Amino acid sequence: MNSDPRHAYSERLEARRAAVAQHDRRHRTIGNLRLLVFVSAGVVAWLAWGRDAVSPFWLALPAAVFVCLIVAHERVLRARRAGQRAVEHYEKALARMDGQWAGAGETGERFLDKAHPYAEDLDLFGKASLFELLCTARTRMGEETLAHWLLAPADPEVVRMRHAAVTELGPMLDLREDLAVLGEDVRTGVHPEALAAWGEEPPLLESRPARIAAFIIPCLVAASGVLWAALGWRDPFFAMLAVVAIFIARYRRVVGRVVEAVEQPAQDLALLAQVLARLERESFASARLAALRTALNVQGQPPSTRIASLSRFIEMLDSRDNPAMKILGPLMLWTEQLAFAIEAWRRVSGTALRRWLAAVGEMEALCALAAYAWEHPADVFPEFASEAACFDGAELAHPLLDAARVVPNSVRLGGDLRVLIVSGSNMSGKSTLLRTVGVNVVLAQAGAPVRARRLRLSPLALGASIRISDSLQGGTSRFYAEIQRLHQIMELTAGPLTVLFLLDELLHGTNSHDRRIGAEAIVRGLVERGAMGLVTTHDLALAHVAEALALRAANVHFEDQFQNGRMTFDYRLQNGVVEKSNALELMRSVGLEV
């Protein structure tokens with residue numbers, strides 16, 4: 001297989017487009033043949049009944065051919081739909097590599113918690129977010145696992161195991177394509193936690209004699225109906241109707257509880273069954289992938305077959321809304337039989353559901369990281385330090401920015417140096433630097449490669465105050481929201497991990513006197529609690545915080561040039577305090593009389 005991701009994707013895209021074109025030709029050919037057979041059947045019918053020239057039994061031949069063509073046509077249409085999904089899969093992959101992915105994927109907004117110490121600040125969820133860039137999962141389990149990895153750091157040993165899994169999965173384009181084209185739906189609607197909890201609850205119906213009776217009674221109803229129709233014996237039929245009514249009344253409440261308990265968590269299981277079936281066919285070498293594959297090994301039927309069985313039961317339950325089933329269903333004890341079957345399924349397989357769902361979710365999350373790693377071969381896996389807290393990133397860049405235009409910068413914290421005070425004018429790149437550091441830490445501790453030439457870090461707890469805003473509904477000012485977040489970051493220092501804080505324009509919602517005193521106190525307090533981080537400011541008075549902290553802090557800055565009414569930036573981090581501001585020049589450039 002070609003090791004160049006763009007070339008490999010392009011080759012596969014052209015091959016899938018050619019396959020779709022071939023399916024289109026077959027579709028048209030079979031459509032024309034069906035029309036020809038239909039006309040031929042009309043001719044045979046005319047010869048049989050209009051001219052009495054042939055036997056009507058000759059109609060069986062075009063009828064049989066027509067049925068075969070229908071079956072073949074459905075296969076072609078199914079293959080064409082799968083081919084179109086494969087085309088979309090590779091078009092999206094190339095769009096990600098070209099930076100044209102924003103707004104075309106799953107945004108994961110349901111995972112966004114505004115109280116989280118960094119999720120909103122680092123654009124983890126929402127349109128054009130890190131989650132949208134990474135997520136290729138087809139199931140909720142995969143999405144939830146990936147989101148959890150972005151929201152909480154993993155232990156370095158776990159991350160190293162994910163590195164090995166991602167490295168193995170990277171070149172496995174066939175597996176990722178197969179998962180992408182499975183099923184007709186975009187993604188399954190299964191709610192994993194609810195389904196797992198349902199599987200672990202004790203069965204509500206455990207009577208084997210009652211289940212046998214639920215099967216036998218409809219058979220006796222049918223037999224008594226035949227006796228009535230053939231011999232005119234009505235009494236057995238009405239007696240069986242009474243038995244049906246008694247049975248329904250006896251189990252009405254418990255059957256209702258069974259149906260109500262399973263209807264919501266077990267919807268949309270068909271795609272999950274197909275995902276399981278595809279993973280069951282794979283074998284892996286890396287330790288984590290092998291363990292996940294082992295989690296799918298069970299005695300008897302494989303998980304995919306068992307999930308497919310449960311899916312069929314749910315589909316059969318849904319058929320109760322059919323008008324014919326509303327009449328025949330009670331006579332067949334349809335709902336009751338399905339309730340017994342579902343409970344028997346749960347008794348055998350229910351406790352394994354959580355293990356299966358977790359394995360699918362982790363496998364899909366690893367495939368998402370593997371796709372990202374494969375598509376960005378220049379990105380590197382981070383190295384985790386086991387000694388003192390540190391962050392040492394060489395040529396860091398933001399993964400959501402165009403790689404051809406982004407300007408990388410190096411950031412180093414550790415040892416005596418605990419804080420970088422980043423000064424600079426508006427739009428010079430200060431906030432982007434904070435997000436670059438933060439997003440790469442998130443990627444590193446999730447198990448993904450990072451956008452850097454090299455990154456070495458210790459396990460870190462992130463805390464960010466970058467995108468803080470007021471709340472009209474909550475009656476909270478921007479300043480109050482900021483100090484609440486600062487308190488939250490301060491509380492993180494009581495945890496087991498070193499805190500990496502990212503503070504943008506610290507306390508800029510208050511007056512300069514209080515700001516300087518408060519900023520120095522906050523940064524000093526964080527440092528004394530073992531934290532380290534970056535603080536940005538365009539208020540040069542705050543640059544003196546570094547002097548107050550002596551060797552534990554340093555000033556760095558971004559510069560700009562204003563020439564001929566145009567502001568330009570080089571976005572390169574430099575040592576020292578910025579020596580000029582562009583605010584007045586910017587105001588004049590837009591026509592304000594300053």
# chains A, B, ... in the order shown; residues from 1 in each chain; ligands from 1
>>> residues_around(residues="Arg160 of chain A", least_positions_apart="2", cutoff="12 Å", atoms="only C-alpha atoms", output="list of chain:residue names")
A:Ala154, A:Asp155, A:Pro156, A:Glu157, A:Val158, A:Arg162, A:His163, A:Ala164, A:Ala165, A:Val166, A:Thr167, A:Ser286, A:Ala287, A:Arg288, A:Phe381, A:Pro382, A:Glu383, A:Phe384, A:Ala444, A:Gln445, A:Ala446, A:Gly447, A:Ala448, A:Pro449
>>> write_last_selection(atoms="N, CA and C atoms", output="mmCIF file, in the first residue's frame")
data_model
loop_
_atom_site.group_PDB
_atom_site.id
_atom_site.type_symbol
_atom_site.label_atom_id
_atom_site.label_comp_id
_atom_site.auth_asym_id
_atom_site.auth_seq_id
_atom_site.Cartn_x
_atom_site.Cartn_y
_atom_site.Cartn_z
ATOM 1 N N ALA A 154 -5.057 10.832 30.339
ATOM 2 C CA ALA A 154 -4.828 9.424 30.638
ATOM 3 C C ALA A 154 -3.461 9.249 31.269
ATOM 4 N N ASP A 155 -3.305 8.164 31.989
ATOM 5 C CA ASP A 155 -2.017 7.826 32.577
ATOM 6 C C ASP A 155 -0.992 7.596 31.457
ATOM 7 N N PRO A 156 0.261 8.010 31.644
ATOM 8 C CA PRO A 156 1.264 7.838 30.576
ATOM 9 C C PRO A 156 1.367 6.413 30.052
ATOM 10 N N GLU A 157 1.246 5.422 30.914
ATOM 11 C CA GLU A 157 1.348 4.038 30.433
ATOM 12 C C GLU A 157 0.186 3.707 29.503
ATOM 13 N N VAL A 158 -1.012 4.191 29.838
ATOM 14 C CA VAL A 158 -2.167 3.997 28.956
ATOM 15 C C VAL A 158 -1.941 4.706 27.626
ATOM 16 N N ARG A 162 -1.865 3.292 23.748
ATOM 17 C CA ARG A 162 -2.650 3.868 22.645
ATOM 18 C C ARG A 162 -1.742 4.233 21.477
ATOM 19 N N HIS A 163 -0.536 4.707 21.766
ATOM 20 C CA HIS A 163 0.406 5.018 20.690
ATOM 21 C C HIS A 163 0.653 3.778 19.834
ATOM 22 N N ALA A 164 0.894 2.641 20.483
ATOM 23 C CA ALA A 164 1.153 1.403 19.740
ATOM 24 C C ALA A 164 -0.075 1.004 18.920
ATOM 25 N N ALA A 165 -1.266 1.161 19.508
ATOM 26 C CA ALA A 165 -2.496 0.816 18.790
ATOM 27 C C ALA A 165 -2.715 1.738 17.593
ATOM 28 N N VAL A 166 -2.505 3.037 17.791
ATOM 29 C CA VAL A 166 -2.680 4.006 16.706
ATOM 30 C C VAL A 166 -1.683 3.736 15.586
ATOM 31 N N THR A 167 -0.458 3.409 15.942
ATOM 32 C CA THR A 167 0.560 3.098 14.934
ATOM 33 C C THR A 167 0.159 1.878 14.115
ATOM 34 N N SER A 286 -0.737 -5.274 18.603
ATOM 35 C CA SER A 286 -0.460 -4.422 19.761
ATOM 36 C C SER A 286 -1.298 -4.874 20.958
ATOM 37 N N ALA A 287 -0.756 -4.648 22.152
ATOM 38 C CA ALA A 287 -1.358 -5.186 23.370
ATOM 39 C C ALA A 287 -2.780 -4.687 23.586
ATOM 40 N N ARG A 288 -3.005 -3.382 23.409
ATOM 41 C CA ARG A 288 -4.328 -2.839 23.696
ATOM 42 C C ARG A 288 -5.366 -3.325 22.697
ATOM 43 N N PHE A 381 4.602 11.604 18.087
ATOM 44 C CA PHE A 381 4.093 11.188 19.390
ATOM 45 C C PHE A 381 4.926 11.849 20.485
ATOM 46 N N PRO A 382 4.282 12.325 21.543
ATOM 47 C CA PRO A 382 5.028 12.988 22.618
ATOM 48 C C PRO A 382 5.783 11.980 23.483
ATOM 49 N N GLU A 383 6.738 12.501 24.203
ATOM 50 C CA GLU A 383 7.484 11.702 25.177
ATOM 51 C C GLU A 383 7.093 12.172 26.571
ATOM 52 N N PHE A 384 6.830 11.229 27.457
ATOM 53 C CA PHE A 384 6.404 11.578 28.806
ATOM 54 C C PHE A 384 7.567 11.442 29.779
ATOM 55 N N ALA A 444 -1.754 15.087 23.330
ATOM 56 C CA ALA A 444 -0.703 14.237 23.904
ATOM 57 C C ALA A 444 -1.271 13.286 24.935
ATOM 58 N N GLN A 445 -2.130 13.782 25.806
ATOM 59 C CA GLN A 445 -2.639 12.959 26.908
ATOM 60 C C GLN A 445 -3.863 12.138 26.514
ATOM 61 N N ALA A 446 -4.349 12.329 25.265
ATOM 62 C CA ALA A 446 -5.399 11.458 24.742
ATOM 63 C C ALA A 446 -4.822 10.255 24.011
ATOM 64 N N GLY A 447 -3.550 10.349 23.600
ATOM 65 C CA GLY A 447 -2.924 9.251 22.879
ATOM 66 C C GLY A 447 -2.675 9.539 21.420
ATOM 67 N N ALA A 448 -2.872 10.786 20.990
ATOM 68 C CA ALA A 448 -2.693 11.168 19.596
ATOM 69 C C ALA A 448 -1.319 11.785 19.390
ATOM 70 N N PRO A 449 -0.853 11.846 18.147
ATOM 71 C CA PRO A 449 0.359 12.617 17.866
ATOM 72 C C PRO A 449 0.072 14.103 18.011
#
>>> closest_atom_pairs(of="segment 111-173 of chain A", to="segment 391-401 of chain A", cutoff="8 Å", atoms="only C-alpha atoms", output="tab-separated table")
residue	atom	partner	partner_atom	distance
A:Ala128	CA	A:Leu400	CA	7.7
A:Ser129	CA	A:Leu400	CA	7.5
A:Leu130	CA	A:Leu400	CA	6.9
A:Leu133	CA	A:Leu400	CA	7.8
>>> residues_around(residues="Trp198 of chain A", least_positions_apart="5", cutoff="8 Å", atoms="only C-alpha atoms", output="count of residues only")
4
>>> residues_around(residues="segment 484-497 of chain A", least_positions_apart="2", cutoff="9 Å", atoms="only C-alpha atoms", output="ChimeraX atom specification")
/A:115,117,389,458-465,468,479-482,499,501,503,522,525-526,529-531
>>> write_last_selection(atoms="C-alpha atoms", output="PDB file, in the first residue's frame")
ATOM      1  CA  ALA A 115     -17.867  24.518  33.656  1.00  0.00           C
ATOM      2  CA  PRO A 117     -11.652  23.895  33.039  1.00  0.00           C
ATOM      3  CA  ALA A 389       7.063  18.576  36.065  1.00  0.00           C
ATOM      4  CA  SER A 458       5.055  15.338  32.411  1.00  0.00           C
ATOM      5  CA  PRO A 459       1.444  14.339  33.218  1.00  0.00           C
ATOM      6  CA  LEU A 460      -0.495  17.605  33.508  1.00  0.00           C
ATOM      7  CA  ALA A 461      -3.893  18.885  34.619  1.00  0.00           C
ATOM      8  CA  LEU A 462      -4.988  21.692  32.306  1.00  0.00           C
ATOM      9  CA  GLY A 463      -6.754  24.829  33.420  1.00  0.00           C
ATOM     10  CA  ALA A 464      -7.533  27.677  31.007  1.00  0.00           C
ATOM     11  CA  SER A 465      -9.096  31.128  31.180  1.00  0.00           C
ATOM     12  CA  ILE A 468     -14.588  33.656  29.454  1.00  0.00           C
ATOM     13  CA  PHE A 479     -14.985  39.598  35.582  1.00  0.00           C
ATOM     14  CA  TYR A 480     -16.910  37.442  38.052  1.00  0.00           C
ATOM     15  CA  ALA A 481     -16.931  34.527  35.591  1.00  0.00           C
ATOM     16  CA  GLU A 482     -13.162  34.913  35.215  1.00  0.00           C
ATOM     17  CA  VAL A 499      -1.400  22.088  36.838  1.00  0.00           C
ATOM     18  CA  PHE A 501      -2.491  27.123  33.560  1.00  0.00           C
ATOM     19  CA  LEU A 503      -4.473  32.678  31.376  1.00  0.00           C
ATOM     20  CA  ILE A 522      -2.841  34.842  41.512  1.00  0.00           C
ATOM     21  CA  GLY A 525      -0.263  31.564  44.389  1.00  0.00           C
ATOM     22  CA  LEU A 526      -0.375  29.138  41.474  1.00  0.00           C
ATOM     23  CA  ARG A 529       1.213  25.452  44.696  1.00  0.00           C
ATOM     24  CA  GLY A 530       3.476  23.774  42.150  1.00  0.00           C
ATOM     25  CA  ALA A 531       1.670  24.905  38.992  1.00  0.00           C
TER      26      ALA A 531
END
>>> closest_residue(among="A:Ile421, A:Val258, A:Leu366, A:Met532", to="His557 of chain A", atoms="only C-alpha atoms")
A:Ile421
>>> closest_residue(among="A:Ala82, A:Val407, A:Val87, A:Leu150", to="Leu112 of chain A", atoms="only C-alpha atoms")
A:Leu150
>>> residues_around(residues="segment 95-101 of chain A", least_positions_apart="3", cutoff="9 Å", atoms="only C-alpha atoms", output="PyMOL selection string")
chain A and resi 6+90-92+104-105+128+132-133+372+375-376+400-403
>>> write_last_selection(atoms="C-alpha atoms", output="PDB file, in the first residue's frame")
ATOM      1  CA  ARG A   6      -2.847  11.845  -0.026  1.00  0.00           C
ATOM      2  CA  TYR A  90     -12.369   9.440   1.052  1.00  0.00           C
ATOM      3  CA  GLU A  91     -13.645  12.853  -0.016  1.00  0.00           C
ATOM      4  CA  LYS A  92     -13.945  13.786   3.658  1.00  0.00           C
ATOM      5  CA  ALA A 104     -18.938  18.738   7.548  1.00  0.00           C
ATOM      6  CA  GLY A 105     -18.525  16.388  10.506  1.00  0.00           C
ATOM      7  CA  ALA A 128     -14.475  23.711  13.418  1.00  0.00           C
ATOM      8  CA  GLU A 132     -14.926  17.566  14.524  1.00  0.00           C
ATOM      9  CA  LEU A 133     -11.440  17.214  13.034  1.00  0.00           C
ATOM     10  CA  TYR A 372      -5.503  11.651  12.196  1.00  0.00           C
ATOM     11  CA  GLU A 375      -3.179  11.920   7.563  1.00  0.00           C
ATOM     12  CA  HIS A 376      -0.521  13.986   9.399  1.00  0.00           C
ATOM     13  CA  LEU A 400      -6.788  23.445  13.585  1.00  0.00           C
ATOM     14  CA  LEU A 401      -4.825  26.018  11.584  1.00  0.00           C
ATOM     15  CA  ASP A 402      -3.638  25.623   7.998  1.00  0.00           C
ATOM     16  CA  ALA A 403      -0.283  23.844   8.228  1.00  0.00           C
TER      17      ALA A 403
END
